[in-house]
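S.K.: My structure is in final-v2.pdb, and what it holds is PDB, C-alpha atoms:
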ATOM      1  CA  MET A  26     -22.706 -48.385   1.376
ATOM      2  CA  GLN A  27     -23.654 -47.176  -2.085
ATOM      3  CA  ASP A  28     -25.652 -44.284  -0.579
ATOM      4  CA  THR A  29     -22.582 -43.294   1.461
ATOM      5  CA  TRP A  30     -20.448 -43.124  -1.708
ATOM      6  CA  LYS A  31     -23.128 -41.128  -3.536
ATOM      7  CA  GLY A  32     -23.332 -38.693  -0.610
ATOM      8  CA  LEU A  33     -19.546 -38.407  -0.480
ATOM      9  CA  LEU A  34     -19.283 -37.804  -4.234
ATOM     10  CA  LYS A  35     -22.077 -35.216  -4.053
ATOM     11  CA  ASP A  36     -20.296 -33.394  -1.205
ATOM     12  CA  LEU A  37     -16.969 -33.525  -3.077
ATOM     13  CA  PHE A  38     -18.615 -32.192  -6.243
ATOM     14  CA  THR A  39     -20.262 -29.378  -4.235
ATOM     15  CA  LEU A  40     -16.915 -28.470  -2.649
ATOM     16  CA  VAL A  41     -15.116 -28.390  -6.017
ATOM     17  CA  LEU A  42     -17.919 -26.315  -7.534
ATOM     18  CA  LEU A  43     -17.760 -23.881  -4.594
ATOM     19  CA  ILE A  44     -14.003 -23.514  -5.031
ATOM     20  CA  VAL A  45     -14.325 -22.908  -8.779
ATOM     21  CA  VAL A  46     -17.273 -20.510  -8.550
ATOM     22  CA  VAL A  47     -16.424 -18.585  -5.360
ATOM     23  CA  VAL A  48     -12.891 -19.058  -4.038
ATOM     24  CA  ILE A  49     -10.885 -18.849  -7.270
ATOM     25  CA  PRO A  50     -12.585 -15.662  -8.571
ATOM     26  CA  ILE A  51     -12.173 -13.994  -5.160
ATOM     27  CA  ARG A  52      -8.477 -14.928  -5.141
ATOM     28  CA  LEU A  53      -7.911 -13.802  -8.741
ATOM     29  CA  PHE A  54      -9.892 -10.567  -8.812
ATOM     30  CA  ILE A  55     -10.638  -9.319  -5.309
ATOM     31  CA  ILE A  56      -7.989 -10.221  -2.719
ATOM     32  CA  SER A  57      -4.538 -11.742  -2.739
ATOM     33  CA  PRO A  58      -2.081 -12.826  -0.073
ATOM     34  CA  PHE A  59       1.240 -11.057   0.370
ATOM     35  CA  VAL A  60       4.199 -11.932   2.587
ATOM     36  CA  VAL A  61       6.444  -9.041   3.641
ATOM     37  CA  ASP A  62      10.059  -9.572   2.607
ATOM     38  CA  GLY A  63      12.464  -7.170   4.273
ATOM     39  CA  GLU A  64      12.482  -4.326   6.785
ATOM     40  CA  SER A  65      11.489  -1.334   4.617
ATOM     41  CA  MET A  66       8.128  -0.923   6.420
ATOM     42  CA  HIS A  67       9.444  -1.407  10.002
ATOM     43  CA  PRO A  68       7.888  -0.842  12.538
ATOM     44  CA  THR A  69       4.484  -0.985  10.800
ATOM     45  CA  PHE A  70       5.203  -4.339   9.131
ATOM     46  CA  GLU A  71       7.978  -6.780   9.848
ATOM     47  CA  ASN A  72       9.660  -9.426   7.726
ATOM     48  CA  LEU A  73       7.346 -12.435   7.110
ATOM     49  CA  ASN A  74       4.108 -10.663   8.125
ATOM     50  CA  TYR A  75       1.275 -12.310   6.165
ATOM     51  CA  LEU A  76      -1.085  -9.737   4.685
ATOM     52  CA  VAL A  77      -4.246  -9.704   2.574
ATOM     53  CA  VAL A  78      -4.399  -7.131  -0.225
ATOM     54  CA  ASP A  79      -7.695  -5.707  -1.539
ATOM     55  CA  GLU A  80      -7.366  -5.631  -5.342
ATOM     56  CA  LEU A  81     -10.898  -4.358  -6.015
ATOM     57  CA  LEU A  82     -11.039  -1.116  -4.011
ATOM     58  CA  TYR A  83      -9.058   1.093  -6.393
ATOM     59  CA  ARG A  84     -11.404   0.290  -9.264
ATOM     60  CA  PHE A  85     -14.026   2.371  -7.420
ATOM     61  CA  LYS A  86     -11.994   4.998  -5.570
ATOM     62  CA  ALA A  87      -8.607   6.628  -5.915
ATOM     63  CA  PRO A  88      -5.706   5.628  -3.677
ATOM     64  CA  ALA A  89      -5.372   7.990  -0.706
ATOM     65  CA  ARG A  90      -2.425   9.537   1.089
ATOM     66  CA  GLY A  91      -1.446   7.235   3.948
ATOM     67  CA  ASP A  92      -2.674   4.016   2.301
ATOM     68  CA  VAL A  93      -0.228   1.124   2.548
ATOM     69  CA  ILE A  94      -0.171  -0.523  -0.864
ATOM     70  CA  VAL A  95       1.368  -3.459  -2.687
ATOM     71  CA  PHE A  96       2.545  -2.728  -6.219
ATOM     72  CA  ARG A  97       4.706  -4.043  -9.016
ATOM     73  CA  TYR A  98       8.173  -2.484  -8.968
ATOM     74  CA  PRO A  99       8.200  -0.221 -12.073
ATOM     75  CA  ASN A 100      11.714  -1.300 -13.123
ATOM     76  CA  ASN A 101      10.895  -5.029 -12.857
ATOM     77  CA  PRO A 102       7.148  -5.879 -12.790
ATOM     78  CA  SER A 103       7.835  -9.422 -11.593
ATOM     79  CA  ILE A 104       8.884  -7.999  -8.186
ATOM     80  CA  PHE A 105       6.279  -6.759  -5.667
ATOM     81  CA  TYR A 106       6.910  -3.964  -3.154
ATOM     82  CA  ILE A 107       4.971  -2.665  -0.153
ATOM     83  CA  LYS A 108       5.099   1.069   0.665
ATOM     84  CA  ARG A 109       2.980   3.955   1.949
ATOM     85  CA  ILE A 110       1.450   6.569  -0.383
ATOM     86  CA  ILE A 111       2.850  10.012   0.421
ATOM     87  CA  GLY A 112       2.158  12.103  -2.698
ATOM     88  CA  LEU A 113      -0.924  12.074  -4.927
ATOM     89  CA  PRO A 114      -1.261  12.803  -8.673
ATOM     90  CA  GLY A 115      -0.537  16.418  -9.612
ATOM     91  CA  GLU A 116       1.112  17.264  -6.282
ATOM     92  CA  THR A 117       4.683  18.280  -5.554
ATOM     93  CA  VAL A 118       6.487  16.376  -2.804
ATOM     94  CA  SER A 119       9.322  18.235  -1.093
ATOM     95  CA  ILE A 120      11.751  16.481   1.219
ATOM     96  CA  ASP A 121      14.150  18.626   3.193
ATOM     97  CA  ARG A 122      16.488  16.548   5.358
ATOM     98  CA  GLY A 123      13.732  14.033   6.028
ATOM     99  CA  VAL A 124      10.875  16.515   6.577
ATOM    100  CA  VAL A 125       8.116  15.909   4.013
ATOM    101  CA  THR A 126       5.980  18.762   2.714
ATOM    102  CA  ILE A 127       3.252  18.421   0.093
ATOM    103  CA  LEU A 128       2.096  21.152  -2.288
ATOM    104  CA  GLU A 129      -1.442  20.058  -3.147
ATOM    105  CA  VAL A 130      -3.111  20.694  -6.490
ATOM    106  CA  ASN A 131      -5.287  23.403  -4.869
ATOM    107  CA  GLY A 132      -2.173  25.336  -3.768
ATOM    108  CA  GLU A 133      -2.293  24.400  -0.090
ATOM    109  CA  LYS A 134       0.886  23.239   1.534
ATOM    110  CA  LEU A 135       0.880  20.342   4.027
ATOM    111  CA  ALA A 136       3.713  19.527   6.410
ATOM    112  CA  LEU A 137       3.389  15.811   7.170
ATOM    113  CA  ASN A 138       3.559  14.556  10.729
ATOM    114  CA  GLU A 139       4.533  10.882  10.428
ATOM    115  CA  PRO A 140       4.406   9.193  13.859
ATOM    116  CA  TYR A 141       4.858   5.702  12.361
ATOM    117  CA  ILE A 142       8.472   6.513  11.442
ATOM    118  CA  VAL A 143      11.140   5.590  13.990
ATOM    119  CA  ASN A 144      14.151   5.666  11.686
ATOM    120  CA  GLU A 145      14.271   8.891   9.686
ATOM    121  CA  ASP A 146      16.779   9.410   6.912
ATOM    122  CA  ALA A 147      17.805  13.058   7.060
ATOM    123  CA  THR A 148      20.089  12.817   4.029
ATOM    124  CA  TYR A 149      17.405  13.359   1.362
ATOM    125  CA  THR A 150      16.590  16.777  -0.009
ATOM    126  CA  LYS A 151      14.579  16.893  -3.221
ATOM    127  CA  ASP A 152      11.403  18.098  -4.903
ATOM    128  CA  VAL A 153       9.324  15.831  -7.142
ATOM    129  CA  SER A 154       6.314  16.972  -9.169
ATOM    130  CA  LEU A 155       3.881  14.182  -9.965
ATOM    131  CA  ASN A 156       2.038  13.695 -13.254
ATOM    132  CA  PRO A 157      -1.733  12.955 -13.348
ATOM    133  CA  ASP A 158      -1.299   9.160 -12.982
ATOM    134  CA  GLU A 159       1.678   9.064 -10.598
ATOM    135  CA  TYR A 160       2.085   8.529  -6.856
ATOM    136  CA  PHE A 161       5.013   9.136  -4.531
ATOM    137  CA  VAL A 162       5.563   6.203  -2.167
ATOM    138  CA  MET A 163       8.001   5.649   0.700
ATOM    139  CA  GLY A 164       8.730   2.931   3.203
ATOM    140  CA  ASP A 165       8.230   3.655   6.892
ATOM    141  CA  ASN A 166      11.829   2.611   7.606
ATOM    142  CA  ARG A 167      13.291   5.431   5.518
ATOM    143  CA  PRO A 168      17.026   4.592   5.746
ATOM    144  CA  ASN A 169      16.317   1.014   4.556
ATOM    145  CA  SER A 170      13.750   1.599   1.822
ATOM    146  CA  SER A 171      14.087   1.600  -1.949
ATOM    147  CA  ASP A 172      11.188   3.843  -2.919
ATOM    148  CA  SER A 173      10.166   6.889  -4.972
ATOM    149  CA  ARG A 174      13.126   8.835  -3.591
ATOM    150  CA  VAL A 175      15.406   6.380  -5.402
ATOM    151  CA  TRP A 176      13.571   5.152  -8.526
ATOM    152  CA  GLY A 177      10.981   7.907  -9.030
ATOM    153  CA  PRO A 178       7.188   8.176  -9.007
ATOM    154  CA  LEU A 179       4.963   5.091  -9.074
ATOM    155  CA  PRO A 180       2.617   4.804 -12.081
ATOM    156  CA  LYS A 181      -0.986   4.062 -11.061
ATOM    157  CA  LYS A 182      -1.069   1.060 -13.418
ATOM    158  CA  ASP A 183       1.490  -0.737 -11.217
ATOM    159  CA  ILE A 184      -0.644  -0.601  -8.037
ATOM    160  CA  VAL A 185      -2.000  -4.044  -7.084
ATOM    161  CA  GLY A 186      -4.090  -2.965  -4.094
ATOM    162  CA  ARG A 187      -4.333  -1.741  -0.521
ATOM    163  CA  VAL A 188      -3.271  -3.783   2.517
ATOM    164  CA  ASP A 189      -6.511  -4.405   4.426
ATOM    165  CA  LEU A 190      -5.716  -7.302   6.757
ATOM    166  CA  ARG A 191      -2.764  -8.742   8.670
ATOM    167  CA  LEU A 192      -3.105 -12.475   9.424
ATOM    168  CA  LEU A 193       0.363 -13.233  10.798
ATOM    169  CA  PRO A 194       1.795 -12.943  13.345
ATOM    170  CA  VAL A 195      -1.311 -14.100  15.195
ATOM    171  CA  LYS A 196      -0.830 -11.610  18.055
ATOM    172  CA  GLU A 197      -1.099  -8.750  15.524
ATOM    173  CA  ILE A 198      -4.122  -9.929  13.491
ATOM    174  CA  GLY A 199      -6.237  -6.997  12.455
ATOM    175  CA  PHE A 200      -8.008  -5.042   9.752
ATOM    176  CA  PHE A 201      -6.411  -1.979   8.136
ATOM    177  CA  PRO A 202      -2.976  -2.377   9.697
ATOM    178  CA  GLY A 203      -0.768   0.656   9.317
ATOM    179  CA  VAL A 204      -3.626   3.012   8.506
ATOM    180  CA  ALA A 205      -2.668   6.685   8.660
ATOM    181  CA  HIS A 206      -5.191   9.470   8.226
ATOM    182  CA  TYR A 207      -3.273  12.471   6.987
ATOM    183  CA  THR A 208      -6.103  14.791   7.945
ATOM    184  CA  ASP A 209      -4.906  14.076  11.487
ATOM    185  CA  LEU A 210      -1.222  13.930  10.606
ATOM    186  CA  ALA A 211      -0.799  17.039   8.457
ATOM    187  CA  THR A 212      -0.554  20.672   9.304
ATOM    188  CA  THR A 213      -1.791  23.103   6.671
ATOM    189  CA  THR A 214       0.546  26.009   6.206
ATOM    190  CA  ASN A 215      -0.071  29.150   4.209
ATOM    191  CA  PRO A 216      -1.589  28.558   0.775
ATOM    192  CA  ILE A 217       0.648  29.421  -2.133
ATOM    193  CA  THR A 218      -0.773  32.386  -4.015
ATOM    194  CA  PRO A 219       0.174  33.173  -7.603
TER     195      PRO A 219
END
Would you mind writing the structure in this file as structure tokens?
M.R.:
Amino acid sequence: MQDTWKGLLKDLFTLVLLIVVVVIPIRLFIISPFVVDGESMHPTFENLNYLVVDELLYRFKAPARGDVIVFRYPNNPSIFYIKRIIGLPGETVSIDRGVVTILEVNGEKLALNEPYIVNEDATYTKDVSLNPDEYFVMGDNRPNSSDSRVWGPLPKKDIVGRVDLRLLPVKEIGFFPGVAHYTDLATTTNPITP
């Protein structure tokens, strides 16, 4: 009986040590769970979808156009939002009645084709030039999204990470949900010449 208790205590100690050494650091510094609250990313993500966010990736590479990210709302850092990156640092984002065009840093102009949008909001017309550490983000459900069109560019420092895994609902489990490769979704128009 004493050997059983020793074995049990050894197993319990090993489990606690594993949690402290492996699980907690992974949770604190590499990935974090996120539950979608609201319909701003419909149809890509629905209310109560359970997602896993990669917090480490952007320490090694820059966020890319089309990435779905979780970030701290710039006007209240205690609130977390989920949106899609549309504009990158140094670019100019133009929205003309819902049609998004990007003027890249190299002078090329991209007209975005966004097949993930089912509800377009054709009321917005504006141009926003981004500073070196700013991103332009929008929800996929444009009429029901508080995003960069409303509160301005997103500072890079507020980005938590990229959505890399959907765990719930079970029928939609998968890696890189909502991925959009803008090389496939953008049409290059004439470069702007000085």
S.K.: Which neighbours of A:Gly199 fall inside 12 Å, counting all atoms listed in the file, when residues of the same chain fewer than 2 positions from it are skipped, and could you give them as a CSV table (one decimal) with C-alpha atoms, in the coordinates of the input?
M.R.:
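Everything below was put into part_18.csv:
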chain,number,residue,atom,x,y,z
A,74,ASN,CA,4.1,-10.7,8.1
A,75,TYR,CA,1.3,-12.3,6.2
A,76,LEU,CA,-1.1,-9.7,4.7
A,77,VAL,CA,-4.2,-9.7,2.6
A,188,VAL,CA,-3.3,-3.8,2.5
A,189,ASP,CA,-6.5,-4.4,4.4
A,190,LEU,CA,-5.7,-7.3,6.8
A,191,ARG,CA,-2.8,-8.7,8.7
A,192,LEU,CA,-3.1,-12.5,9.4
A,193,LEU,CA,0.4,-13.2,10.8
A,194,PRO,CA,1.8,-12.9,13.3
A,195,VAL,CA,-1.3,-14.1,15.2
A,196,LYS,CA,-0.8,-11.6,18.1
A,197,GLU,CA,-1.1,-8.8,15.5
A,201,PHE,CA,-6.4,-2.0,8.1
A,202,PRO,CA,-3.0,-2.4,9.7
A,203,GLY,CA,-0.8,0.7,9.3
A,204,VAL,CA,-3.6,3.0,8.5
S.K.: Listed atoms of stretch 144-151 of chain A, axis-aligned box, 4 Å per side: centre and edge lengths to one decimal in Å, as AutoDock Vina command-line options?
M.R.:
--center_x 17.1 --center_y 11.3 --center_z 4.2 --size_x 13.9 --size_y 19.2 --size_z 22.9
S.K.: Exactly which residues make up the result of the PyMOL selection byres ((chain A and resi 168) around 9) on this file, given as a PyMOL selection string?
M.R.: chain A and resi 65+144-148+164-167+169-171
S.K.: Identify which of the residues A:Val60, A:Lys182, A:Gly177, A:Val162 lies closest to A:Phe105, counting all atoms listed in the file when measuring atom-to-atom distances.
M.R.: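 For A:Phe105, the nearest of the given residues is A:Val60.
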S.K.: Calculate how many Å separate atom CA of A:Val153 from atom CA of A:Ile107, rounding to one decimal.
M.R.: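 Computing it gives 20.2 Å between the two atoms.
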S.K.: Return the single residue from A:Leu179, A:Ile111, A:Ile127, A:Ile120 that is closest to A:Tyr98, with distances computed using all atoms listed in the file.
M.R.: A:Leu179
S.K.: Counting only C-alpha atoms, which of A:Glu133, A:Glu80, A:Asp152, A:Asp28 gets nearest to A:Val118?
M.R.: A:Asp152
S.K.: State, in Å with one decimal place, the distance from atom CA of A:Val143 to atom CA of A:Gly123.
M.R.: 11.9 Å
S.K.: A:Val175, A:Val185, A:Leu135, A:Ala205: which is nearest A:Asn100, counting only C-alpha atoms?
M.R.: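 The closest residue to A:Asn100 is A:Val175.
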S.K.: In Å, with one decimal, what is the gap from atom CA of A:Glu64 to atom CA of A:Asp158?
M.R.: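 Atom-to-atom, atom CA of A:Glu64 and atom CA of A:Asp158 are spaced 27.6 Å apart.
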S.K.: Could you pull out every residue with an atom within 7 Å of (3.6, 11.0, 3.2), file coordinates, counting only C-alpha atoms, and send them as a ChimeraX atom specification?
M.R.: /A:90-91,110-112,125,137
S.K.: Between A:Pro157, A:Arg109, A:Pro88, A:Leu128, which has the minimum distance to A:His67 (counting all atoms listed in the file)?
M.R.: A:Arg109
S.K.: Mind listing whatever residues come within 9 Å of the point (1.7, 12.8, -11.9)? Use all atoms listed in the file, file coordinates, and give them as a ChimeraX atom specification.
M.R.: /A:113-117,154-161,178-180
S.K.: Please enumerate the residues selected by the PyMOL selection byres ((chain A and resi 94) around 7) when evaluated against the supplied file, formatted as a list in words.
M.R.: Asp92, Val93, Val95, Phe96, Ile107, Lys108, Arg109, Gly186, Arg187 and Val188 of chain A
